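Student: What follows is query.txt; its format and atoms are compact mmCIF, C-alpha atoms and all ligand atoms.
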```
# COMPACT_ATOMS: atom_id res chain seq x y z
CA MET A 1 0.00 0.00 0.00
CA ALA A 2 1.23 3.51 -0.77
CA MET A 3 2.10 5.18 2.48
CA PRO A 4 1.67 8.93 2.66
CA LEU A 5 4.93 10.83 2.44
CA ALA A 6 6.30 11.22 5.92
CA ARG A 7 7.50 14.71 6.74
CA GLU A 8 10.49 15.46 8.91
CA TRP A 9 9.41 15.60 12.55
CA VAL A 10 10.00 19.27 13.25
CA GLY A 11 7.67 19.32 16.22
CA ILE A 12 10.24 17.51 18.35
CA GLN A 13 12.22 20.74 18.43
CA GLN A 14 9.33 22.42 20.24
CA PHE A 15 10.11 20.32 23.30
CA PRO A 16 12.66 21.39 25.92
CA VAL A 17 16.09 19.88 25.23
CA ALA A 18 15.75 17.47 28.17
CA THR A 19 12.53 16.04 26.67
CA GLN A 20 14.06 15.89 23.17
CA ASN A 21 17.04 13.94 24.45
CA LYS A 22 14.83 11.41 26.23
CA LEU A 23 12.68 10.94 23.12
CA VAL A 24 15.68 10.47 20.83
CA GLU A 25 17.11 7.95 23.29
CA LEU A 26 13.83 5.98 23.45
CA LEU A 27 13.42 5.87 19.67
CA GLY A 28 17.09 4.95 19.37
CA LYS A 29 16.38 2.00 21.65
CA LEU A 30 13.71 0.81 19.24
CA LYS A 31 16.05 1.22 16.27
CA GLY A 32 18.53 -0.91 18.19
CA GLU A 33 15.86 -3.64 18.19
CA ASN A 34 15.45 -3.21 14.42
CA VAL A 35 12.17 -1.36 14.77
CA ASP A 36 12.19 1.69 12.52
CA THR A 37 8.46 2.36 12.22
CA LEU A 38 5.90 2.83 14.92
CA THR A 39 2.19 3.09 14.17
CA ILE A 40 0.06 4.29 17.04
CA LEU A 41 -3.73 4.11 16.93
CA VAL A 42 -5.64 6.47 19.23
CA MET A 43 -9.19 5.51 20.19
CA GLY A 44 -11.83 6.32 22.78
CA LYS A 45 -15.05 8.22 23.25
CA GLY A 46 -15.48 11.73 21.87
CA GLY A 47 -14.16 14.66 23.90
CA VAL A 48 -11.78 12.64 26.09
CA GLY A 49 -8.67 14.30 24.60
CA LYS A 50 -7.60 11.98 21.77
CA SER A 51 -6.73 14.73 19.28
CA SER A 52 -5.08 16.85 21.96
CA THR A 53 -2.90 13.89 22.96
CA VAL A 54 -1.84 13.37 19.33
CA ASN A 55 -0.83 17.04 19.11
CA SER A 56 1.01 16.95 22.45
CA LEU A 57 2.93 13.83 21.48
CA LEU A 58 4.07 15.29 18.15
CA GLY A 59 4.61 18.82 19.40
CA GLU A 60 2.59 19.98 16.40
CA ARG A 61 -1.02 20.95 15.84
CA VAL A 62 -2.00 18.27 13.37
CA ALA A 63 -5.36 17.13 14.72
CA ALA A 64 -8.38 19.37 15.14
CA VAL A 65 -9.26 19.81 18.80
CA SER A 66 -12.82 20.62 19.71
CA ALA A 67 -14.56 21.25 23.00
CA PHE A 68 -17.80 20.28 21.27
CA GLN A 69 -18.75 17.18 19.35
CA SER A 70 -17.90 18.06 15.77
CA GLU A 71 -15.20 15.54 15.02
CA GLY A 72 -16.52 14.21 11.72
CA LEU A 73 -16.20 10.54 10.86
CA ARG A 74 -12.80 10.27 9.20
CA PRO A 75 -9.69 9.05 10.97
CA MET A 76 -6.50 10.99 10.31
CA MET A 77 -2.97 9.63 10.03
CA CYS A 78 0.03 11.81 10.61
CA SER A 79 3.50 10.54 9.69
CA ARG A 80 6.77 12.06 10.83
CA THR A 81 10.37 10.89 10.38
CA ARG A 82 13.39 11.52 12.49
CA ALA A 83 16.85 10.04 11.92
CA GLY A 84 15.51 7.12 9.86
CA PHE A 85 12.65 6.46 12.24
CA THR A 86 9.02 6.87 11.14
CA LEU A 87 6.27 7.66 13.59
CA ASN A 88 2.68 7.24 12.38
CA ILE A 89 -0.11 8.43 14.63
CA ILE A 90 -3.73 7.75 13.73
CA ASP A 91 -6.34 9.93 15.37
CA THR A 92 -9.91 8.63 15.19
CA PRO A 93 -13.33 10.11 15.84
CA GLY A 94 -15.18 9.02 18.98
CA ILE A 95 -17.23 5.90 18.35
CA VAL A 96 -20.17 6.84 20.55
CA GLU A 97 -23.08 8.78 19.14
CA GLY A 98 -26.30 9.63 20.93
CA GLY A 99 -25.86 6.96 23.57
CA TYR A 100 -24.98 4.18 21.13
CA ILE A 101 -21.90 2.76 19.46
CA ASN A 102 -21.57 4.38 16.06
CA GLU A 103 -21.08 1.29 13.88
CA GLN A 104 -20.56 3.45 10.80
CA ALA A 105 -17.66 5.29 12.45
CA LEU A 106 -16.14 1.95 13.46
CA ASP A 107 -16.50 0.64 9.96
CA ILE A 108 -14.80 3.70 8.47
CA ILE A 109 -11.93 3.34 10.98
CA LYS A 110 -11.54 -0.31 10.06
CA ARG A 111 -11.41 0.41 6.34
CA PHE A 112 -8.99 3.28 6.88
CA LEU A 113 -6.64 0.88 8.65
CA LEU A 114 -6.69 -1.76 5.89
CA ASN A 115 -3.15 -2.98 5.15
CA LYS A 116 -1.73 -1.11 8.10
CA THR A 117 -0.09 -2.63 11.15
CA ILE A 118 -1.03 -1.29 14.56
CA ASP A 119 1.92 -1.36 16.90
CA VAL A 120 0.22 0.29 19.84
CA LEU A 121 -3.32 1.27 20.76
CA LEU A 122 -3.72 4.31 23.01
CA PHE A 123 -7.10 3.91 24.65
CA VAL A 124 -7.99 7.35 25.95
CA GLU A 125 -10.18 8.25 28.92
CA ARG A 126 -10.32 11.18 31.34
CA LEU A 127 -8.77 10.99 34.78
CA ASP A 128 -11.23 13.56 36.09
CA ALA A 129 -14.38 11.57 35.38
CA TYR A 130 -16.22 9.71 38.08
CA ARG A 131 -18.94 7.73 36.46
CA VAL A 132 -18.77 4.61 34.36
CA ASP A 133 -21.79 3.36 32.44
CA SER A 134 -22.52 0.33 30.32
CA LEU A 135 -21.61 2.28 27.19
CA ASP A 136 -17.97 2.52 28.34
CA LYS A 137 -17.78 -1.25 28.44
CA GLN A 138 -19.49 -1.37 25.07
CA VAL A 139 -16.77 0.86 23.51
CA VAL A 140 -14.13 -1.65 24.60
CA LYS A 141 -16.27 -4.56 23.40
CA SER A 142 -16.61 -2.95 19.97
CA ILE A 143 -12.85 -2.37 19.69
CA THR A 144 -12.30 -6.01 20.70
CA GLU A 145 -14.78 -7.28 18.12
CA THR A 146 -13.17 -5.10 15.46
CA PHE A 147 -9.48 -5.92 16.01
CA GLY A 148 -9.52 -9.04 18.17
CA LYS A 149 -8.75 -9.44 21.85
CA ALA A 150 -4.99 -9.45 21.17
CA ILE A 151 -5.09 -5.70 20.60
CA TRP A 152 -5.20 -5.24 24.38
CA ASN A 153 -1.74 -6.83 24.67
CA ARG A 154 -0.60 -3.86 22.60
CA SER A 155 -2.51 -1.18 24.43
CA VAL A 156 -1.91 1.65 26.87
CA LEU A 157 -4.63 3.28 28.94
CA VAL A 158 -4.12 7.04 28.67
CA LEU A 159 -5.86 9.19 31.28
CA THR A 160 -6.05 12.86 30.28
CA HIS A 161 -6.80 15.95 32.39
CA ALA A 162 -4.22 14.64 34.84
CA GLN A 163 -3.49 18.00 36.44
CA LEU A 164 -6.18 17.94 39.08
CA SER A 165 -6.66 18.32 42.78
CA PRO A 166 -8.54 15.26 44.03
CA PRO A 167 -11.77 15.87 45.95
CA ASP A 168 -12.69 14.66 49.44
CA GLY A 169 -9.16 14.93 50.80
CA LEU A 170 -7.95 12.00 48.70
CA SER A 171 -4.27 11.95 47.82
CA TYR A 172 -3.35 12.23 44.15
CA GLU A 173 -2.08 8.63 44.17
CA ASP A 174 -5.27 7.31 45.78
CA PHE A 175 -7.45 9.19 43.32
CA PHE A 176 -5.38 7.91 40.39
CA THR A 177 -5.53 4.33 41.67
CA ARG A 178 -9.29 4.44 42.15
CA ARG A 179 -9.98 5.91 38.75
CA SER A 180 -7.54 3.69 36.85
CA ASP A 181 -8.87 0.58 38.63
CA THR A 182 -12.41 1.54 37.66
CA VAL A 183 -11.47 2.06 34.00
CA LEU A 184 -9.33 -1.09 33.87
CA ARG A 185 -12.19 -3.08 35.35
CA TYR A 186 -14.65 -2.05 32.66
CA MET A 187 -11.96 -2.56 30.02
CA CYS A 188 -11.43 -6.15 31.19
CA LEU A 189 -15.19 -6.75 31.24
CA GLY A 190 -15.63 -5.28 27.77
CA ALA A 191 -12.64 -7.12 26.29
CA GLY A 192 -13.36 -10.41 28.08
CA ILE A 193 -9.97 -10.34 29.81
CA ARG A 194 -9.95 -12.59 32.86
CA ARG A 195 -8.27 -11.61 36.10
CA LYS A 196 -5.50 -14.16 35.60
CA GLU A 197 -4.84 -12.92 32.07
CA PHE A 198 -4.71 -9.34 33.26
CA VAL A 199 -2.27 -10.17 36.04
CA ALA A 200 -0.04 -11.95 33.51
CA ASN A 201 -0.27 -9.10 30.96
CA PRO A 202 -1.42 -5.92 32.67
CA ILE A 203 -2.45 -2.92 30.58
CA PRO A 204 -0.14 -0.03 31.51
CA VAL A 205 -1.71 3.26 32.54
CA VAL A 206 -0.22 6.65 31.63
CA LEU A 207 -1.26 10.10 32.79
CA VAL A 208 -1.44 12.99 30.34
CA GLU A 209 -2.08 16.70 30.68
CA ASN A 210 -2.71 18.40 27.36
CA SER A 211 -3.60 21.80 28.72
CA GLY A 212 -1.27 24.71 27.93
CA ARG A 213 -1.43 25.38 31.66
CA CYS A 214 0.38 22.14 32.49
CA ARG A 215 3.07 22.89 35.05
CA THR A 216 6.73 22.61 34.05
CA ASN A 217 9.89 21.71 35.94
CA GLU A 218 13.14 23.68 36.08
CA LEU A 219 14.14 22.22 32.70
CA GLY A 220 10.90 23.44 31.11
CA GLU A 221 9.46 19.94 30.80
CA LYS A 222 5.76 19.40 31.41
CA VAL A 223 5.20 17.72 34.77
CA LEU A 224 2.22 16.19 36.52
CA PRO A 225 1.25 16.69 40.17
CA ASP A 226 3.17 13.49 41.01
CA GLY A 227 6.33 14.91 39.38
CA THR A 228 6.29 12.71 36.25
CA THR A 229 7.53 14.31 33.04
CA TRP A 230 4.62 12.92 31.13
CA ILE A 231 5.66 13.15 27.44
CA PRO A 232 8.84 11.06 27.78
CA ASN A 233 6.94 8.77 30.17
CA LEU A 234 4.20 8.16 27.59
CA VAL A 235 6.80 7.37 24.91
CA LYS A 236 8.70 5.14 27.35
CA VAL A 237 5.58 3.08 28.04
CA ILE A 238 4.80 2.88 24.31
CA VAL A 239 8.31 1.53 23.67
CA GLU A 240 7.85 -1.01 26.49
CA VAL A 241 4.58 -2.22 24.96
CA VAL A 242 6.25 -2.63 21.57
CA SER A 243 8.96 -4.72 23.21
CA ASN A 244 6.66 -6.85 25.40
CA GLY A 245 6.83 -9.89 23.12
CA SER A 246 3.26 -9.66 21.81
CA GLU A 247 2.45 -9.43 18.11
CA PRO A 248 1.36 -6.19 16.44
CA ILE A 249 -2.12 -6.16 14.89
CA VAL A 250 -2.08 -6.57 11.12
CA VAL A 251 -5.27 -5.17 9.66
CA ASP A 252 -5.94 -7.28 6.56
CA GLN A 253 -9.12 -8.10 4.64
CA LYS A 254 -9.65 -11.20 6.77
CA LEU A 255 -9.67 -9.15 9.95
CA ILE A 256 -12.01 -6.63 8.37
CA ASP A 257 -14.50 -9.25 7.14
CA GLY A 258 -14.71 -11.53 10.15
CA PRO A 259 -15.40 -12.79 12.68
CA ASN A 260 -18.85 -11.32 12.44
CA PRO A 261 -21.70 -13.62 13.38
CA ASN A 262 -23.21 -13.53 9.87
CA ASN A 263 -20.03 -14.74 8.21
CA TRP A 264 -19.44 -17.24 10.97
CA GLY A 265 -22.82 -18.82 10.30
CA LYS A 266 -22.17 -18.97 6.55
CA ARG A 267 -19.53 -21.66 7.03
CA PHE A 268 -22.23 -24.02 8.22
CA ILE A 269 -24.54 -23.59 5.23
CA PRO A 270 -23.21 -26.66 3.28
CA LEU A 271 -23.47 -28.75 6.44
CA ILE A 272 -27.02 -27.61 7.09
CA LEU A 273 -27.95 -28.36 3.46
CA ALA A 274 -26.43 -31.85 3.67
CA PHE A 275 -28.27 -32.47 6.92
CA GLN A 276 -31.52 -31.29 5.36
CA TYR A 277 -31.00 -33.58 2.37
CA LEU A 278 -30.14 -36.65 4.42
CA PHE A 279 -32.68 -36.41 7.17
CA VAL A 280 -35.48 -34.22 5.95
CA ILE A 281 -35.74 -34.38 2.15
CA LYS A 282 -34.78 -38.07 1.94
CA SER A 283 -37.34 -39.11 4.52
CA ILE A 284 -40.05 -36.94 2.93
CA LYS A 285 -39.20 -38.46 -0.46
CA GLY A 286 -39.40 -41.94 1.04
CA SER A 287 -42.80 -41.37 2.58
CA ILE A 288 -44.14 -39.82 -0.64
CA GLN A 289 -42.93 -42.88 -2.48
CA LYS A 290 -44.63 -45.12 0.05
CA ASP A 291 -47.81 -43.11 -0.19
CA MET A 292 -47.74 -43.39 -3.93
CA GLU A 293 -47.29 -47.13 -3.80
CA SER A 294 -50.02 -47.72 -1.26
CA GLU A 295 -52.44 -45.30 -2.86
CA ARG A 296 -55.35 -46.91 -4.64
CA ILE A 297 -55.46 -45.67 -8.18
CA PRO A 298 -58.71 -43.83 -8.69
CA ALA A 299 -61.03 -45.08 -11.43
CA TRP A 300 -60.72 -41.90 -13.48
CA GLU A 301 -56.95 -42.31 -13.63
CA LEU A 302 -57.22 -45.93 -14.69
CA ARG A 303 -59.61 -44.76 -17.36
CA ASP A 304 -57.16 -42.08 -18.53
CA ARG A 305 -54.37 -44.60 -18.62
CA GLY A 306 -56.60 -46.89 -20.73
CA LEU A 307 -56.46 -49.66 -18.13
CA ALA A 308 -60.17 -49.89 -17.44
CA LYS A 309 -61.48 -49.94 -20.94
CA GLY A 310 -64.25 -52.41 -20.46
CA LYS A 311 -65.60 -50.77 -17.35
CA PHE A 312 -66.94 -47.62 -19.04
P1 LIG A 401 -11.29 14.19 21.34
O1 LIG A 401 -12.71 14.42 20.95
O2 LIG A 401 -11.16 12.94 22.15
O3 LIG A 401 -10.35 14.23 20.18
O4 LIG A 401 -10.91 15.38 22.34
P2 LIG A 401 -10.16 16.74 22.04
O5 LIG A 401 -8.69 16.51 21.98
O6 LIG A 401 -10.78 17.41 20.86
O7 LIG A 401 -10.42 17.52 23.39
C1 LIG A 401 -11.72 17.86 23.84
C2 LIG A 401 -11.63 19.06 24.78
O8 LIG A 401 -10.90 18.72 25.94
C3 LIG A 401 -10.90 20.26 24.16
O9 LIG A 401 -11.51 21.43 24.60
C4 LIG A 401 -9.49 20.13 24.73
O10 LIG A 401 -8.85 21.39 24.83
C5 LIG A 401 -9.76 19.55 26.11
N1 LIG A 401 -8.67 18.71 26.59
C6 LIG A 401 -8.15 17.61 25.99
N2 LIG A 401 -7.19 17.04 26.75
C7 LIG A 401 -7.09 17.81 27.87
C8 LIG A 401 -6.27 17.74 29.04
O11 LIG A 401 -5.44 16.84 29.22
N3 LIG A 401 -6.47 18.71 29.98
C9 LIG A 401 -7.39 19.72 29.83
N4 LIG A 401 -7.50 20.62 30.81
N5 LIG A 401 -8.17 19.80 28.74
C10 LIG A 401 -8.03 18.86 27.76
MG MG A 402 -10.73 14.40 18.16
```
Kindly present the structure from the file in structure tokens form.

Tutor:
Amino acid sequence: MAMPLAREWVGIQQFPVATQNKLVELLGKLKGENVDTLTILVMGKGGVGKSSTVNSLLGERVAAVSAFQSEGLRPMMCSRTRAGFTLNIIDTPGIVEGGYINEQALDIIKRFLLNKTIDVLLFVERLDAYRVDSLDKQVVKSITETFGKAIWNRSVLVLTHAQLSPPDGLSYEDFFTRRSDTVLRYMCLGAGIRRKEFVANPIPVVLVENSGRCRTNELGEKVLPDGTTWIPNLVKVIVEVVSNGSEPIVVDQKLIDGPNPNNWGKRFIPLILAFQYLFVIKSIKGSIQKDMESERIPAWELRDRGLAKGKF
């Protein structure tokens, strides 16, 4: 497939030198492992900060950010190169519309990704949200049905709006733990990940603050209330996920077509037909035959066949 021309990643120069150095080091680590392309898919509900996170990560305004729901339906891929390394980031529209999963949006995302390989999924949520409803679980279920359960081995939970003061006297760490546990729980339910599986392959959680008012440290790097320099931390976790031994997700026609229940059922059509022939049609045929044999031939038919000449 023709990849769009990747532009030089100029946005990296927007970061303070300390951040730049960490990023170059992390990408260098990947190159050392013979990885020279990274494709990151960003998904989640609308308004959680997907586009803002894409912009923060690239240091460029490539994705349209909106405080209101006007995202459109098309995903957007942005490619940047730096010292022989290509970074592709795919921003997607939220897949929830009017209280339901927007199947059309999902379908467009799927088709957009055809022939691409997803190295990492950033599943985005807000840290400063308190409620979880059944739709949240449904979003994860839809992603799982679209790309397969294995996508969660390649995922990072990103919690935006991380610069907050927790309510009710909770410490920042306690608040973070409660919120991330809540989100991880519904993710596991939606993806069908069992406790044992999660313990063996936990989904890492990363905090993000996209606001221009994010505090900075003495080196000018953006820091969170817990002191983390979040941009290098996000990239560090992405690199860890890429190196965790799991396979990236190859989006081919097979993945796009199946395993939807309609197609799944189609495989059984020949079997059902054979069954029908053997047990239903054959036995009906047999009984018709029997009926025909045992049936007394009516007089009018004998007459028509010329068998009862003398009788009329
Ligand atoms: P998307 O619909 O998921 O792509 O969300 P957007 O990136 O368009 O963001 C929705 C709104 O939330 C915009 O007004 C953003 O400025 C705001 N926003 C996104 N991330 C953050 C964040 O980390 N902190 C704060 N304070 N605002 C954010
Ligand atoms: Mg957006």

Student: I'd like a table as a tab-separated table: residues in chain A with an atom no more than 7 Å from ligand LIG 401 (chain A), each row giving the shortest atom pair and its distance in Å to one decimal, all atoms listed in the file counted, sorted by chain and rising residue number.

Tutor:
```
residue	atom	partner	partner_atom	distance
A:Gly44	CA	A:LIG401	O2	6.7
A:Lys45	CA	A:LIG401	O2	6.2
A:Gly46	CA	A:LIG401	O1	4.0
A:Gly47	CA	A:LIG401	O1	3.3
A:Val48	CA	A:LIG401	O2	4.0
A:Gly49	CA	A:LIG401	O4	3.4
A:Lys50	CA	A:LIG401	O2	3.7
A:Ser51	CA	A:LIG401	O3	3.8
A:Ser52	CA	A:LIG401	O5	3.6
A:Thr53	CA	A:LIG401	O5	6.4
A:Ala64	CA	A:LIG401	O6	6.5
A:Val65	CA	A:LIG401	O6	3.5
A:Ser66	CA	A:LIG401	O6	4.0
A:Ala67	CA	A:LIG401	O9	3.4
A:Gln69	CA	A:LIG401	O1	6.8
A:Glu71	CA	A:LIG401	O1	6.5
A:Pro93	CA	A:LIG401	O3	6.7
A:Gly94	CA	A:LIG401	O1	6.3
A:Thr160	CA	A:LIG401	O11	4.2
A:His161	CA	A:LIG401	O11	3.6
A:Ala162	CA	A:LIG401	O11	6.2
A:Val208	CA	A:LIG401	O11	5.7
A:Glu209	CA	A:LIG401	O11	3.7
A:Asn210	CA	A:LIG401	O11	3.7
A:Ser211	CA	A:LIG401	N3	4.4
```

Student: A:Val10, A:Leu164, A:Leu73, A:Val205: which is nearest A:Thr177, counting only C-alpha atoms?

Tutor: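 Under the stated criterion, the closest residue is A:Val205.
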
Student: Counting only C-alpha atoms, what is within 8 Å of A:Pro75, bar same-chain residues fewer than 6 positions away, as a VMD selection string?

Tutor: chain A and resid 90 to 93 108 to 109 112

Student: Please save C-alpha atoms of the selected residues as an mmCIF file, in the coordinates of the input.

Tutor:
```cif
data_model
loop_
_atom_site.group_PDB
_atom_site.id
_atom_site.type_symbol
_atom_site.label_atom_id
_atom_site.label_comp_id
_atom_site.auth_asym_id
_atom_site.auth_seq_id
_atom_site.Cartn_x
_atom_site.Cartn_y
_atom_site.Cartn_z
ATOM 1 C CA ILE A 90 -3.730 7.750 13.730
ATOM 2 C CA ASP A 91 -6.340 9.930 15.370
ATOM 3 C CA THR A 92 -9.910 8.630 15.190
ATOM 4 C CA PRO A 93 -13.330 10.110 15.840
ATOM 5 C CA ILE A 108 -14.800 3.700 8.470
ATOM 6 C CA ILE A 109 -11.930 3.340 10.980
ATOM 7 C CA PHE A 112 -8.990 3.280 6.880
#
```

Student: So how many Å separate atom CA of A:Ser134 and atom CA of A:Met187, to one decimal?

Tutor: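 Rounded to one decimal, the two atoms are 11.0 Å apart.
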
Student: Between atom CA of A:Phe198 and atom CA of A:Thr37, what is the spacing in Å?

Tutor: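 For atom CA of A:Thr37 relative to atom CA of A:Phe198, the distance reads 27.4 Å.
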
Student: By how many Å are atom CA of A:Met43 and atom CA of A:Leu121 apart?

Tutor: 7.3 Å

Student: Find the residues near A:Asp257: any atom within 10 Å, counting only C-alpha atoms, skip ones fewer than 4 places away on the same chain, and give them as number ranges by chain.

Tutor: A: 110, 146, 252-253, 263

Student: Which one is closest to A:Ile238: A:Ala6, A:Val223, A:Leu57, A:Ala63? Count only C-alpha atoms.

Tutor: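 Using only C-alpha atoms, A:Ile238 sits closest to A:Leu57.
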
Student: Which of these residues is nearest to ligand MG 402 (chain A), using all atoms listed in the file: A:Arg82, A:Val124, A:Ser287, A:Lys29?

Tutor: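 Going through A:Arg82, A:Val124, A:Ser287, A:Lys29 one by one, the smallest distance to ligand MG 402 (chain A) is for A:Val124.
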